[in-house]
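Engineer: Contents of protein33.txt (compact mmCIF, C-alpha atoms and all ligand atoms) are given next:
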# COMPACT_ATOMS: atom_id res chain seq x y z
CA MET A 1 16.10 -52.46 -22.00
CA LEU A 2 12.42 -53.13 -21.24
CA LEU A 3 12.82 -56.68 -22.51
CA PHE A 4 15.89 -57.17 -20.35
CA SER A 5 14.13 -55.91 -17.20
CA ASN A 6 11.12 -58.10 -18.03
CA ILE A 7 13.30 -61.22 -18.25
CA PHE A 8 15.16 -60.22 -15.08
CA HIS A 9 11.84 -59.74 -13.25
CA LYS A 10 10.63 -63.19 -14.39
CA LEU A 11 13.89 -64.76 -13.29
CA LEU A 12 13.47 -63.21 -9.83
CA ILE A 13 9.89 -64.54 -9.56
CA TYR A 14 11.09 -67.97 -10.71
CA LYS A 15 13.93 -67.94 -8.12
CA HIS A 16 11.50 -66.91 -5.38
CA LEU A 17 8.92 -69.59 -6.27
CA HIS A 18 11.66 -72.18 -6.74
CA SER A 19 13.12 -71.59 -3.27
CA LYS A 20 9.61 -71.39 -1.72
CA PHE A 21 8.74 -74.70 -3.39
CA HIS A 22 11.90 -76.35 -2.07
CA SER A 23 11.43 -75.03 1.44
CA ILE A 24 7.77 -76.22 1.52
CA LEU A 25 8.88 -79.68 0.38
CA PHE A 26 11.66 -79.64 2.93
CA GLN A 27 9.22 -78.76 5.73
CA HIS A 28 6.99 -81.69 4.64
CA PHE A 29 10.06 -83.89 4.68
CA LEU A 30 10.99 -82.77 8.21
CA SER A 31 7.47 -83.23 9.57
CA ALA A 32 7.37 -86.68 7.92
CA ILE A 33 10.50 -87.63 9.86
CA LEU A 34 9.19 -86.15 13.12
CA ASN A 35 5.82 -87.93 12.77
CA ASN A 36 7.36 -91.28 11.79
CA SER A 37 5.23 -91.27 8.67
CA PRO A 38 6.35 -92.66 5.31
CA ILE A 39 8.67 -90.33 3.43
CA PHE A 40 7.67 -89.55 -0.12
CA VAL A 41 10.47 -87.19 -1.04
CA LEU A 42 13.37 -89.61 -1.07
CA SER A 43 14.21 -88.54 -4.60
CA PHE A 44 16.09 -85.53 -3.13
CA SER A 45 19.88 -85.85 -3.14
CA PRO A 46 21.53 -86.18 0.31
CA THR A 47 23.59 -83.01 -0.38
CA PHE A 48 20.42 -81.00 -1.07
CA LEU A 49 18.82 -82.26 2.14
CA MET A 50 21.96 -81.58 4.17
CA LYS A 51 22.20 -77.99 2.80
CA LYS A 52 18.51 -77.38 3.53
CA ALA A 53 18.88 -78.81 7.05
CA ILE A 54 21.85 -76.53 7.82
CA ALA A 55 20.02 -73.48 6.40
CA PHE A 56 16.82 -74.38 8.29
CA PHE A 57 18.54 -74.59 11.67
CA ASN A 58 20.96 -71.68 11.13
CA THR A 59 18.78 -68.98 9.58
CA ASP A 60 17.71 -67.29 12.80
CA THR A 61 21.08 -67.21 14.55
CA ASP A 62 22.82 -65.98 11.38
CA SER A 63 20.46 -63.03 10.97
CA ILE A 64 20.67 -62.14 14.67
CA MET A 65 24.45 -62.34 14.83
CA LYS A 66 25.34 -60.25 11.76
CA LEU A 67 23.73 -56.95 12.76
CA LEU A 68 26.60 -54.85 11.42
CA GLU A 69 27.40 -56.59 8.14
CA ASN A 70 29.38 -54.21 5.84
CA LYS A 71 29.41 -51.35 8.39
CA VAL A 72 32.63 -49.61 9.39
CA VAL A 73 33.03 -48.89 13.11
CA LEU A 74 35.70 -46.68 14.71
CA ILE A 75 36.34 -47.12 18.45
CA THR A 76 38.74 -45.04 20.54
CA GLY A 77 40.65 -46.89 23.27
CA GLY A 78 40.13 -50.43 21.97
CA SER A 79 43.27 -52.05 23.33
CA ARG A 80 41.92 -52.95 26.77
CA GLY A 81 38.80 -53.24 28.96
CA ILE A 82 35.43 -52.11 27.63
CA GLY A 83 36.97 -50.89 24.34
CA SER A 84 38.48 -54.28 23.49
CA ALA A 85 35.15 -56.01 24.31
CA ILE A 86 33.46 -53.56 21.90
CA VAL A 87 36.01 -54.34 19.16
CA HIS A 88 35.22 -58.07 19.49
CA LYS A 89 31.45 -57.50 19.64
CA MET A 90 31.44 -55.33 16.50
CA ALA A 91 33.72 -57.69 14.56
CA SER A 92 31.71 -60.79 15.52
CA ASN A 93 28.61 -58.99 14.21
CA GLY A 94 30.13 -58.50 10.79
CA ALA A 95 31.56 -54.96 11.07
CA ASN A 96 34.94 -53.90 9.75
CA VAL A 97 36.65 -52.31 12.73
CA ALA A 98 39.18 -49.51 13.17
CA PHE A 99 40.27 -48.80 16.73
CA THR A 100 42.82 -46.70 18.57
CA TYR A 101 45.14 -47.02 21.53
CA ARG A 102 47.45 -44.56 23.20
CA SER A 103 50.48 -46.63 24.25
CA SER A 104 49.80 -50.40 24.55
CA ALA A 105 50.74 -51.47 21.00
CA GLU A 106 51.25 -55.15 21.87
CA LYS A 107 47.79 -55.49 23.44
CA ALA A 108 46.24 -53.58 20.53
CA ASN A 109 47.81 -55.93 17.97
CA ALA A 110 46.58 -58.98 19.91
CA VAL A 111 43.04 -57.52 20.01
CA ALA A 112 43.20 -56.79 16.25
CA ASP A 113 44.39 -60.34 15.41
CA ALA A 114 41.70 -61.99 17.56
CA ALA A 115 38.90 -59.79 16.13
CA ALA A 116 40.06 -60.36 12.53
CA ALA A 117 39.45 -64.11 13.05
CA ASN A 118 35.77 -63.23 12.47
CA GLY A 119 36.62 -62.77 8.78
CA VAL A 120 36.37 -58.94 8.84
CA ALA A 121 38.97 -56.18 8.37
CA VAL A 122 40.39 -54.90 11.67
CA LYS A 123 43.12 -52.29 12.11
CA ALA A 124 44.65 -50.68 15.21
CA TYR A 125 45.92 -47.07 15.05
CA GLN A 126 48.10 -45.34 17.62
CA SER A 127 46.34 -42.02 18.16
CA ASP A 128 45.92 -39.75 21.16
CA ALA A 129 42.21 -38.93 21.36
CA SER A 130 42.93 -35.79 23.39
CA SER A 131 44.84 -34.28 20.44
CA PHE A 132 42.77 -32.29 17.92
CA GLU A 133 45.39 -32.74 15.17
CA GLN A 134 45.85 -36.49 15.73
CA SER A 135 42.07 -36.99 15.67
CA ALA A 136 41.80 -35.19 12.32
CA GLU A 137 44.62 -37.35 10.93
CA LEU A 138 42.98 -40.50 12.30
CA ILE A 139 39.62 -39.88 10.62
CA LYS A 140 41.44 -39.16 7.34
CA ASN A 141 43.43 -42.40 7.60
CA VAL A 142 40.44 -44.56 8.56
CA ILE A 143 38.43 -43.24 5.60
CA ALA A 144 41.42 -43.85 3.29
CA ASP A 145 41.74 -47.43 4.60
CA PHE A 146 38.05 -48.40 5.01
CA GLY A 147 36.19 -46.04 2.64
CA ARG A 148 33.68 -44.68 5.20
CA ILE A 149 32.78 -44.55 8.92
CA ASP A 150 29.26 -45.62 9.88
CA VAL A 151 29.68 -45.73 13.65
CA LEU A 152 31.97 -43.75 15.97
CA ILE A 153 32.36 -44.96 19.54
CA ASN A 154 34.10 -42.42 21.80
CA ASN A 155 35.28 -44.82 24.48
CA ALA A 156 38.82 -43.70 25.48
CA GLY A 157 38.97 -42.53 29.07
CA ILE A 158 41.19 -42.24 32.15
CA THR A 159 40.89 -41.50 35.85
CA ARG A 160 43.19 -39.36 38.02
CA ASP A 161 41.30 -39.72 41.31
CA THR A 162 41.96 -37.54 44.31
CA LEU A 163 40.05 -35.22 46.64
CA MET A 164 39.54 -31.66 45.38
CA LEU A 165 41.87 -30.16 48.01
CA ARG A 166 44.71 -32.26 46.60
CA MET A 167 43.81 -32.17 42.91
CA SER A 168 46.45 -30.56 40.71
CA GLU A 169 45.69 -28.51 37.62
CA ASP A 170 47.40 -31.22 35.60
CA GLN A 171 45.13 -33.96 37.02
CA TRP A 172 42.10 -31.86 36.13
CA ASP A 173 43.36 -31.07 32.60
CA GLN A 174 44.41 -34.64 31.75
CA VAL A 175 41.01 -36.07 32.61
CA ILE A 176 39.00 -33.32 30.90
CA GLU A 177 41.14 -33.52 27.75
CA THR A 178 41.13 -37.31 27.48
CA ASN A 179 37.51 -37.92 28.46
CA LEU A 180 35.65 -34.86 27.18
CA LYS A 181 37.76 -32.93 24.68
CA SER A 182 38.40 -36.25 22.87
CA VAL A 183 34.66 -36.59 22.27
CA PHE A 184 34.65 -33.12 20.66
CA ASN A 185 37.82 -33.93 18.64
CA LEU A 186 36.54 -37.15 17.09
CA THR A 187 32.94 -36.00 16.60
CA LYS A 188 34.06 -32.75 14.98
CA HIS A 189 36.11 -34.60 12.36
CA VAL A 190 33.73 -37.49 11.68
CA LEU A 191 30.65 -35.30 11.19
CA ARG A 192 31.50 -34.04 7.70
CA PRO A 193 31.83 -37.53 6.16
CA MET A 194 28.71 -38.68 8.05
CA LEU A 195 26.76 -35.64 6.81
CA LYS A 196 27.78 -36.51 3.24
CA GLN A 197 26.62 -40.10 3.79
CA ARG A 198 23.43 -38.81 5.44
CA SER A 199 23.77 -41.53 8.06
CA GLY A 200 25.79 -42.38 11.14
CA SER A 201 25.68 -43.40 14.77
CA ILE A 202 27.86 -41.76 17.43
CA ILE A 203 28.11 -43.40 20.84
CA ASN A 204 29.78 -41.62 23.74
CA MET A 205 31.01 -43.52 26.79
CA SER A 206 29.92 -41.59 29.86
CA SER A 207 29.42 -43.03 33.37
CA VAL A 208 26.79 -43.14 36.10
CA VAL A 209 29.28 -41.00 38.04
CA GLY A 210 28.55 -38.16 35.59
CA ASP A 211 25.00 -38.19 36.92
CA PHE A 212 25.39 -38.64 40.67
CA GLY A 213 29.04 -37.57 41.30
CA ASN A 214 31.63 -39.31 43.44
CA ALA A 215 33.95 -38.02 46.18
CA GLY A 216 37.51 -38.04 44.85
CA GLN A 217 36.37 -37.94 41.21
CA ALA A 218 35.34 -34.31 40.60
CA ASN A 219 37.44 -34.20 37.41
CA TYR A 220 36.10 -37.53 36.12
CA ALA A 221 32.47 -36.77 37.08
CA ALA A 222 32.68 -33.35 35.38
CA SER A 223 34.06 -34.90 32.18
CA LYS A 224 31.33 -37.56 32.09
CA ALA A 225 28.54 -35.08 32.91
CA GLY A 226 29.78 -32.89 30.04
CA ILE A 227 29.22 -35.84 27.69
CA PHE A 228 25.47 -35.89 28.51
CA GLY A 229 24.95 -32.28 27.33
CA PHE A 230 27.22 -32.76 24.32
CA THR A 231 25.33 -35.90 23.25
CA LYS A 232 21.90 -34.26 23.36
CA SER A 233 23.17 -31.17 21.49
CA ILE A 234 24.71 -33.23 18.66
CA ALA A 235 21.53 -35.34 18.41
CA LYS A 236 19.58 -32.08 17.88
CA GLU A 237 22.09 -30.57 15.44
CA VAL A 238 22.39 -33.48 13.00
CA GLY A 239 19.24 -35.54 13.52
CA SER A 240 17.73 -34.14 10.30
CA ARG A 241 20.55 -35.90 8.37
CA SER A 242 19.81 -39.31 9.98
CA ILE A 243 22.83 -39.09 12.26
CA ARG A 244 22.11 -40.37 15.76
CA CYS A 245 24.09 -39.57 18.90
CA ASN A 246 23.65 -41.45 22.19
CA ALA A 247 25.55 -42.03 25.42
CA LEU A 248 26.16 -45.09 27.54
CA ALA A 249 26.54 -44.78 31.29
CA PRO A 250 28.21 -47.87 32.73
CA GLY A 251 28.27 -48.43 36.48
CA PHE A 252 31.16 -50.43 37.93
CA ILE A 253 32.62 -52.70 35.28
CA GLU A 254 35.47 -55.20 35.79
CA THR A 255 38.43 -53.61 33.94
CA ASP A 256 41.93 -52.24 34.70
CA MET A 257 40.21 -48.95 35.63
CA THR A 258 38.20 -50.45 38.52
CA GLU A 259 41.07 -52.81 39.43
CA GLU A 260 42.84 -49.67 40.74
CA LEU A 261 40.16 -49.15 43.44
CA ASP A 262 41.01 -50.34 46.97
CA GLU A 263 39.11 -53.31 48.43
CA LYS A 264 37.14 -51.17 50.90
CA THR A 265 35.81 -48.91 48.15
CA LYS A 266 34.97 -51.92 45.96
CA ALA A 267 33.06 -53.60 48.81
CA ALA A 268 31.08 -50.39 49.42
CA PHE A 269 30.16 -50.16 45.73
CA LEU A 270 29.20 -53.81 45.61
CA ALA A 271 26.83 -53.40 48.55
CA SER A 272 25.04 -50.57 46.74
CA ILE A 273 24.48 -52.44 43.45
CA PRO A 274 21.05 -54.14 43.38
CA LEU A 275 22.31 -56.86 40.99
CA LYS A 276 25.06 -57.58 43.60
CA ARG A 277 27.97 -57.88 41.20
CA LEU A 278 30.25 -55.73 39.03
CA GLY A 279 29.34 -55.58 35.36
CA LYS A 280 31.32 -57.22 32.59
CA ALA A 281 32.87 -55.34 29.66
CA GLU A 282 30.86 -57.60 27.29
CA GLU A 283 27.62 -56.34 28.87
CA VAL A 284 28.53 -52.75 27.97
CA ALA A 285 29.51 -53.94 24.47
CA ASP A 286 26.03 -55.49 24.08
CA ALA A 287 24.37 -52.11 24.72
CA CYS A 288 26.83 -50.57 22.27
CA LEU A 289 25.80 -53.09 19.62
CA PHE A 290 22.17 -52.02 20.04
CA LEU A 291 23.04 -48.33 19.57
CA ALA A 292 25.39 -49.05 16.65
CA SER A 293 22.93 -51.22 14.74
CA ASP A 294 19.65 -50.65 12.92
CA LEU A 295 17.85 -52.01 15.99
CA SER A 296 17.96 -48.44 17.35
CA THR A 297 17.13 -46.29 14.30
CA TYR A 298 14.64 -44.16 16.30
CA VAL A 299 16.84 -43.80 19.40
CA SER A 300 18.87 -40.57 19.61
CA GLY A 301 19.91 -38.07 22.28
CA GLN A 302 19.51 -40.74 24.98
CA THR A 303 21.66 -42.22 27.72
CA ILE A 304 21.44 -45.93 28.42
CA SER A 305 22.72 -46.95 31.85
CA VAL A 306 24.44 -50.32 32.13
CA CYS A 307 24.86 -50.39 35.88
CA GLY A 308 22.96 -53.23 37.53
CA ALA A 309 20.34 -50.71 38.79
CA LEU A 310 22.97 -48.75 40.75
CA ASN A 311 21.28 -45.48 39.72
CA CYS A 312 17.78 -46.41 40.96
N1 LIG B 1 35.41 -49.60 34.06
C1 LIG B 1 34.35 -48.98 34.55
O1 LIG B 1 33.82 -49.35 35.61
C2 LIG B 1 33.74 -47.82 33.82
C3 LIG B 1 32.54 -47.30 34.31
C4 LIG B 1 31.94 -46.24 33.64
C5 LIG B 1 32.52 -45.71 32.52
N2 LIG B 1 33.69 -46.23 32.06
C6 LIG B 1 34.27 -45.61 30.87
O2 LIG B 1 34.45 -46.59 29.86
C7 LIG B 1 35.60 -46.25 29.07
C8 LIG B 1 36.56 -47.42 29.05
O3 LIG B 1 36.95 -47.72 30.38
P1 LIG B 1 37.80 -49.02 30.76
O4 LIG B 1 37.45 -49.37 32.14
O5 LIG B 1 37.72 -50.01 29.69
O6 LIG B 1 39.27 -48.36 30.79
P2 LIG B 1 40.70 -49.08 30.64
O7 LIG B 1 40.61 -50.53 30.87
O8 LIG B 1 41.62 -48.26 31.49
O9 LIG B 1 41.06 -48.84 29.09
C9 LIG B 1 41.18 -47.52 28.61
C10 LIG B 1 41.38 -47.54 27.11
O10 LIG B 1 41.44 -46.19 26.66
C11 LIG B 1 42.67 -45.98 25.95
N3 LIG B 1 43.11 -44.61 26.13
C12 LIG B 1 43.35 -43.94 27.28
N4 LIG B 1 43.73 -42.68 27.01
C13 LIG B 1 43.71 -42.55 25.65
C14 LIG B 1 44.00 -41.51 24.75
N5 LIG B 1 44.40 -40.29 25.17
N6 LIG B 1 43.88 -41.73 23.42
C15 LIG B 1 43.47 -42.95 22.96
N7 LIG B 1 43.20 -43.97 23.76
C16 LIG B 1 43.32 -43.77 25.09
C17 LIG B 1 43.63 -46.99 26.54
O11 LIG B 1 44.71 -47.19 25.63
P3 LIG B 1 46.15 -47.79 26.16
O12 LIG B 1 45.89 -49.26 26.40
O13 LIG B 1 47.10 -47.57 25.06
O14 LIG B 1 46.45 -47.05 27.41
C18 LIG B 1 42.69 -48.19 26.70
O15 LIG B 1 42.51 -48.83 25.47
C19 LIG B 1 36.18 -44.98 29.67
O16 LIG B 1 35.69 -43.84 29.01
C20 LIG B 1 35.64 -45.01 31.10
O17 LIG B 1 35.57 -43.74 31.67
C21 LIG B 1 34.30 -47.27 32.68
What does the file become when written as structure tokens?

Structural biologist:
Amino acid sequence: MLLFSNIFHKLLIYKHLHSKFHSILFQHFLSAILNNSPIFVLSFSPTFLMKKAIAFFNTDTDSIMKLLENKVVLITGGSRGIGSAIVHKMASNGANVAFTYRSSAEKANAVADAAAANGVAVKAYQSDASSFEQSAELIKNVIADFGRIDVLINNAGITRDTLMLRMSEDQWDQVIETNLKSVFNLTKHVLRPMLKQRSGSIINMSSVVGDFGNAGQANYAASKAGIFGFTKSIAKEVGSRSIRCNALAPGFIETDMTEELDEKTKAAFLASIPLKRLGKAEEVADACLFLASDLSTYVSGQTISVCGALNC
């Protein structure tokens, strides 16, 4: 056994020195070309030089782009808008992706096919995030299909906007159940497997509206404000097991949800955004990538606003 590990150790050192030696020679070769000086390393085969050249120029972008290699990410509401941008962002960074939708099966399948072109496993599940039972079933199915869940992104959300005097009990309940109870449902069922793994990242999609309120959105603002308290509490409860929980607070992002706003309201919002434009779903997905990846291992219990300075 000792002999075997000795040989293995020597092989590793040899491999390390060998590749170091080749890369030093290759750098001499490159600088010889760049300085127009005579080239002394012509004995290298063209294939070797081509491979080294590709590796030399690709190393940085490869390591930056594959932040989630071998991770499994579950996203609720991935068939449209911000959720579908997150599916693409996670898949293009090497994650295997499970995502849900409520009713738009055709869109969900198209998102799954496009994301799978990144060479990762992607699967869409029809599952109502506001249902406790369906959420339990979903987590069970995703673990059966993918083996584990490293990142949960509670993104599913709806609006039922109207002034308080006109708001029905049903409009209140629908928004609270889809936007806030869903976060409880999914987190509750994913925590046990994450606790066993002793790792995990949970990201909850809130909104700047949860912080400063909005006339005609008391139900929506209440659901998003609830997410802030929930996020901090979970971060405190499970931080000792290396499970992180953070929230994102987008401002006004171009999706079907904001498409519903009338032109006057949109113009008023636009005037109040210091960056003078609506945000893009991809820009929210970028912040999500940060919180999902090991770039944020010491970030928990926080809210990151992605709002063009609207909240300043
Ligand atoms: N757009 C913004 O400006 C903005 C700003 C701040 C925060 N946000 C938040 O960001 C999240 C995404 O918003 P968005 O603009 O991308 O919305 P969107 O375009 O309307 O898409 C909503 C997504 O959620 C899914 N969904 C809705 N109810 C669901 C349920 N009960 N179970 C499972 N999935 C459900 C939808 O599935 P189907 O396609 O099947 O309906 C769809 O995939 C929401 O939480 C929203 O509150 C958005």

Engineer: Of the candidates A:Lys123, A:Arg80, A:Arg244, A:Lys66, which one gets nearest to Phe146 (chain A) if we count all atoms listed in the file?

Structural biologist: A:Lys123

Engineer: What does the list of residues within 8 Å of ligand LIG 1 (chain B) look like if you count all atoms listed in the file, written as a PyMOL selection string?

Structural biologist: chain A and resi 76-84+100-105+107-108+126-131+154-159+177-179+182+205-209+220+224+249-258+279+281

Engineer: Work out how far CA of Ser135 (chain A) is from CA of His189 (chain A), in Å to one decimal.

Structural biologist: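 Going from CA of His189 (chain A) over to CA of Ser135 (chain A) covers 7.2 Å.
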
Engineer: Please identify all polymer residues lying at most 12 Å from the point (28.1, -56.8, 41.9) (file coordinates), using only C-alpha atoms, and present the result as an mmCIF file with C-alpha atoms, in the frame of the given file.

Structural biologist:
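Result went into out32.cif, see below:
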data_model
loop_
_atom_site.group_PDB
_atom_site.id
_atom_site.type_symbol
_atom_site.label_atom_id
_atom_site.label_comp_id
_atom_site.auth_asym_id
_atom_site.auth_seq_id
_atom_site.Cartn_x
_atom_site.Cartn_y
_atom_site.Cartn_z
ATOM 1 C CA GLY A 251 28.270 -48.430 36.480
ATOM 2 C CA PHE A 252 31.160 -50.430 37.930
ATOM 3 C CA ILE A 253 32.620 -52.700 35.280
ATOM 4 C CA GLU A 254 35.470 -55.200 35.790
ATOM 5 C CA LYS A 266 34.970 -51.920 45.960
ATOM 6 C CA ALA A 267 33.060 -53.600 48.810
ATOM 7 C CA ALA A 268 31.080 -50.390 49.420
ATOM 8 C CA PHE A 269 30.160 -50.160 45.730
ATOM 9 C CA LEU A 270 29.200 -53.810 45.610
ATOM 10 C CA ALA A 271 26.830 -53.400 48.550
ATOM 11 C CA SER A 272 25.040 -50.570 46.740
ATOM 12 C CA ILE A 273 24.480 -52.440 43.450
ATOM 13 C CA PRO A 274 21.050 -54.140 43.380
ATOM 14 C CA LEU A 275 22.310 -56.860 40.990
ATOM 15 C CA LYS A 276 25.060 -57.580 43.600
ATOM 16 C CA ARG A 277 27.970 -57.880 41.200
ATOM 17 C CA LEU A 278 30.250 -55.730 39.030
ATOM 18 C CA GLY A 279 29.340 -55.580 35.360
ATOM 19 C CA LYS A 280 31.320 -57.220 32.590
ATOM 20 C CA CYS A 307 24.860 -50.390 35.880
ATOM 21 C CA GLY A 308 22.960 -53.230 37.530
ATOM 22 C CA ALA A 309 20.340 -50.710 38.790
ATOM 23 C CA LEU A 310 22.970 -48.750 40.750
#

Engineer: Using only C-alpha atoms, determine which residues lie at most 10 Å from Lys89 (chain A), disregarding the query and same-chain residues fewer than 2 positions distant; provide the list as a compact mmCIF listing (two decimals) with C-alpha atoms, in the frame of the given file.

Structural biologist:
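What follows is the written file selection16.txt:
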# COMPACT_ATOMS: atom_id res chain seq x y z
CA MET A 65 24.45 -62.34 14.83
CA LEU A 68 26.60 -54.85 11.42
CA GLY A 83 36.97 -50.89 24.34
CA SER A 84 38.48 -54.28 23.49
CA ALA A 85 35.15 -56.01 24.31
CA ILE A 86 33.46 -53.56 21.90
CA VAL A 87 36.01 -54.34 19.16
CA ALA A 91 33.72 -57.69 14.56
CA SER A 92 31.71 -60.79 15.52
CA ASN A 93 28.61 -58.99 14.21
CA GLY A 94 30.13 -58.50 10.79
CA ALA A 95 31.56 -54.96 11.07
CA ALA A 115 38.90 -59.79 16.13
CA GLU A 282 30.86 -57.60 27.29
CA ALA A 285 29.51 -53.94 24.47
CA ASP A 286 26.03 -55.49 24.08
CA CYS A 288 26.83 -50.57 22.27
CA LEU A 289 25.80 -53.09 19.62

Engineer: Counting all atoms listed in the file, which residue out of A:Asn311, A:Pro193, A:Ile234, A:Phe132 sits closest to Phe212 (chain A)?

Structural biologist: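 Among the listed residues, A:Asn311 lies closest to Phe212 (chain A).
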
Engineer: Looking at A:Ala117, A:Leu248, A:Ile202, A:Leu67, which one is nearest to Ala287 (chain A), with distances taken over all atoms listed in the file?

Structural biologist: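 Among A:Ala117, A:Leu248, A:Ile202, A:Leu67, it is A:Leu248 that comes nearest to Ala287 (chain A).
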
Engineer: Figure out the distance between CA of Asn96 (chain A) and CA of Leu74 (chain A), please, to one decimal in Å.

Structural biologist: 8.8 Å

Engineer: Taking all atoms listed in the file into account, which of A:Ser199, A:Ser223, A:Thr162, A:Ser233 comes nearest Lys181 (chain A)?

Structural biologist: A:Ser223

Engineer: Which distance in Å separates CA of Ala247 (chain A) and CA of Ser296 (chain A), to one decimal?

Structural biologist: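 Distance between the two atoms: 12.8 Å.
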
Engineer: Given the choices A:Asn70, A:Ser201, A:Asn118, A:Gln174, which gets closest to Arg241 (chain A) if the distance is worked out from all atoms listed in the file?

Structural biologist: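 The shortest atom-to-atom distance to Arg241 (chain A) comes from A:Ser201.
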
Engineer: With 8 Å added on each side, what axis-aligned box encloses every listed atom of region 67-86 of chain A? Give the centre and edge lengths in Å to one decimal, as lines of an AutoDock Vina configuration file.

Structural biologist:
center_x = 33.5
center_y = -51.0
center_z = 17.4
size_x = 35.5
size_y = 27.9
size_z = 39.1

Engineer: So which one's closest to Val175 (chain A), A:Ile304, A:Ala114, A:Ala222, A:Cys245? Using all atoms listed in the file, please.

Structural biologist: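 Closest to Val175 (chain A) of all the choices is A:Ala222.
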
Engineer: In file coordinates, which residues lie within 10 Å of (38.5, -32.4, 12.9) using only C-alpha atoms, given as JSON, numbers by chain?

Structural biologist: {"A": [132, 133, 134, 135, 136, 137, 138, 139, 140, 184, 185, 186, 187, 188, 189, 190, 191, 192]}

Engineer: Got a sec: who's within 8 Å of Ala98 (chain A), counting all atoms listed in the file, leaving out chain neighbours fewer than 3 positions off, as a ChimeraX atom specification?

Structural biologist: /A:72-75,122-125,142
